[in-house]
Amino acid sequence: ASGKGGVGKSTVSANIAITMMNMGLKVGLLDADVYGPSLITLFGVNKKPAIKDDKMCTIEKYGISLMSIGFLVDPDEAVVWRGPMLTKALHHMMRFTNWPNLDYLIIDTPPGTGDIHLTLSENYIIDAAIVVTTPQTLSTVDAQKGINMFNKLNIPVLGIIENMSYFSSNGNISYPFGKDGGKTLSKKNGLEFLGEIPLILEISKSSDSGKP
Ligand code: ADP
């Protein structure tokens, strides 16, 4: 989860999924970010899920089982849905999908603290949340709201990942979005700082070309 959009939540979800798969785990990735489903682009998927026994089938790509709200409707359409429609779509993707036997299901949730998070916490057992933030205050303030929400919903927060932490060019390191915002947030909440990811051109290039 993240407080804000555009901080790299989908990129991090996709790359954690791929890394876990490389460790020999069977991983599913559910894109429940109704405001900006990115899985289609990130994984370069351009087909709709098949239906089997009245259930949708996940789409397999790079060894990951994928399901996304973007597979079901035009992403521009989902954005204008009201709460009940979002909730229904989420249940469809969770319950009416033929998920293979998985070790882990990673859920990429929408930014903010809304219907999708509440529905997930009320209807499913969520083992843990990971909060992704960029270093600047504008992002960490919203990430804090996300942490507060998970605390209220009794979902353990595994830790914080700071993305776009710094930029390295010819040995010079710069901090375009400020420094250590994620670390400070971790300390303040007594949470583990899981790591920082620099701004790397290849990340956005490979994400855009469907090769996480
Ligand atoms: P969110 O899911 O939080 O909205 P995305 O994962 O879609 O954010 O990332 C937003 C944009 O930033 C994408 O174009 C992505 O490729 C790019 N991006 C994310 N993390 C990095 C990074 N560490 N370095 C370079 N580009 C990044």
# chains A, B, ... in the order shown; residues from 1 in each chain; ligands from 1
call {"tool": "residues_near_ligand", "arguments": {"ligand": "ligand 1", "cutoff": "6 Å", "atoms": "only C-alpha atoms and all ligand atoms", "output": "ChimeraX atom specification"}}
result
/A:5-11,38,163-164,197-201,203-204,207
call {"tool": "select_by_dssp", "arguments": {"residues": "range 12-103 of chain A", "states": "strand (DSSP E)", "output": "PyMOL selection string"}}
result
chain A and resi 27-31+51-52+55-57+59-61+64-68+97-98
call {"tool": "closest_atom_pairs", "arguments": {"of": "range 43-140 of chain A", "to": "range 167-176 of chain A", "cutoff": "12 Å", "atoms": "only C-alpha atoms", "output": "CSV"}}
result
residue,atom,partner,partner_atom,distance
A:Thr134,CA,A:Pro176,CA,10.4
A:Pro135,CA,A:Tyr175,CA,8.9
A:Gln136,CA,A:Pro176,CA,9.0
call {"tool": "residues_around", "arguments": {"residues": "range 104-121 of chain A", "least_positions_apart": "4", "cutoff": "8 Å", "atoms": "only C-alpha atoms", "output": "PDB file with C-alpha atoms, in the first residue's frame"}}
result
ATOM      1  CA  ALA A   1       0.000   0.000   0.000  1.00  0.00           C
ATOM      2  CA  SER A   2       0.938   3.643  -0.205  1.00  0.00           C
ATOM      3  CA  GLY A   3      -0.637   6.877   0.879  1.00  0.00           C
ATOM      4  CA  LYS A   4      -0.082   8.487  -2.483  1.00  0.00           C
ATOM      5  CA  GLY A   5      -0.179   7.378  -6.099  1.00  0.00           C
ATOM      6  CA  LYS A   9       3.815   0.858  -5.228  1.00  0.00           C
ATOM      7  CA  SER A  10       2.989  -1.222  -8.317  1.00  0.00           C
ATOM      8  CA  SER A  13       4.772  -5.129  -5.819  1.00  0.00           C
ATOM      9  CA  ALA A  17       6.554 -10.922  -6.719  1.00  0.00           C
ATOM     10  CA  LEU A  25       7.806 -19.594  -4.262  1.00  0.00           C
ATOM     11  CA  LYS A  26       4.488 -19.679  -6.107  1.00  0.00           C
ATOM     12  CA  VAL A  27       3.250 -16.103  -6.145  1.00  0.00           C
ATOM     13  CA  GLY A  28       0.047 -14.406  -7.235  1.00  0.00           C
ATOM     14  CA  LEU A  29      -0.299 -10.696  -7.844  1.00  0.00           C
ATOM     15  CA  LEU A  30      -3.655  -8.985  -7.611  1.00  0.00           C
ATOM     16  CA  ASP A  31      -3.899  -5.460  -8.925  1.00  0.00           C
ATOM     17  CA  ALA A  32      -6.690  -3.873  -6.908  1.00  0.00           C
ATOM     18  CA  ASP A  33      -5.554  -0.328  -7.626  1.00  0.00           C
ATOM     19  CA  VAL A  34      -8.745   0.896  -9.227  1.00  0.00           C
ATOM     20  CA  TYR A  35      -7.392   4.393  -9.704  1.00  0.00           C
ATOM     21  CA  GLY A  36      -4.451   3.264 -11.744  1.00  0.00           C
ATOM     22  CA  GLY A  83     -17.902   1.906  -3.230  1.00  0.00           C
ATOM     23  CA  LEU A  86     -15.477  -1.551  -6.195  1.00  0.00           C
ATOM     24  CA  THR A  87     -16.237  -4.021  -3.433  1.00  0.00           C
ATOM     25  CA  LEU A  90     -12.680  -7.034  -5.494  1.00  0.00           C
ATOM     26  CA  ILE A 125      -7.197 -12.533   6.381  1.00  0.00           C
ATOM     27  CA  ILE A 126      -4.385 -10.202   5.456  1.00  0.00           C
ATOM     28  CA  ASP A 142       0.010  10.249   3.446  1.00  0.00           C
ATOM     29  CA  LYS A 145      -2.322   7.857   7.281  1.00  0.00           C
ATOM     30  CA  GLY A 146      -1.959   4.433   5.670  1.00  0.00           C
ATOM     31  CA  MET A 149      -5.383   2.766   8.988  1.00  0.00           C
ATOM     32  CA  LEU A 153      -7.724  -2.547  11.110  1.00  0.00           C
ATOM     33  CA  ILE A 155      -3.254  -5.564   9.978  1.00  0.00           C
TER      34      ILE A 155
END
call {"tool": "atom_distance", "arguments": {"atom1": "CA of Ala143 in chain A", "atom2": "CA of Ile160 in chain A"}}
result
9.2 Å
call {"tool": "closest_atom_pairs", "arguments": {"of": "range 19-133 of chain A", "to": "range 186-193 of chain A", "cutoff": "12 Å", "atoms": "only C-alpha atoms", "output": "JSON lines"}}
result
{"residue": "A:Ala129", "atom": "CA", "partner": "A:Leu191", "partner_atom": "CA", "distance": 11.5}
{"residue": "A:Ile130", "atom": "CA", "partner": "A:Glu192", "partner_atom": "CA", "distance": 10.1}
{"residue": "A:Val131", "atom": "CA", "partner": "A:Ser186", "partner_atom": "CA", "distance": 9.9}
{"residue": "A:Val132", "atom": "CA", "partner": "A:Phe193", "partner_atom": "CA", "distance": 10.4}
{"residue": "A:Thr133", "atom": "CA", "partner": "A:Ser186", "partner_atom": "CA", "distance": 10.7}
call {"tool": "closest_residue", "arguments": {"among": "A:Thr97, A:Asn22, A:Ser68, A:Asn123", "to": "Ile51 in chain A", "atoms": "only C-alpha atoms"}}
result
A:Thr97
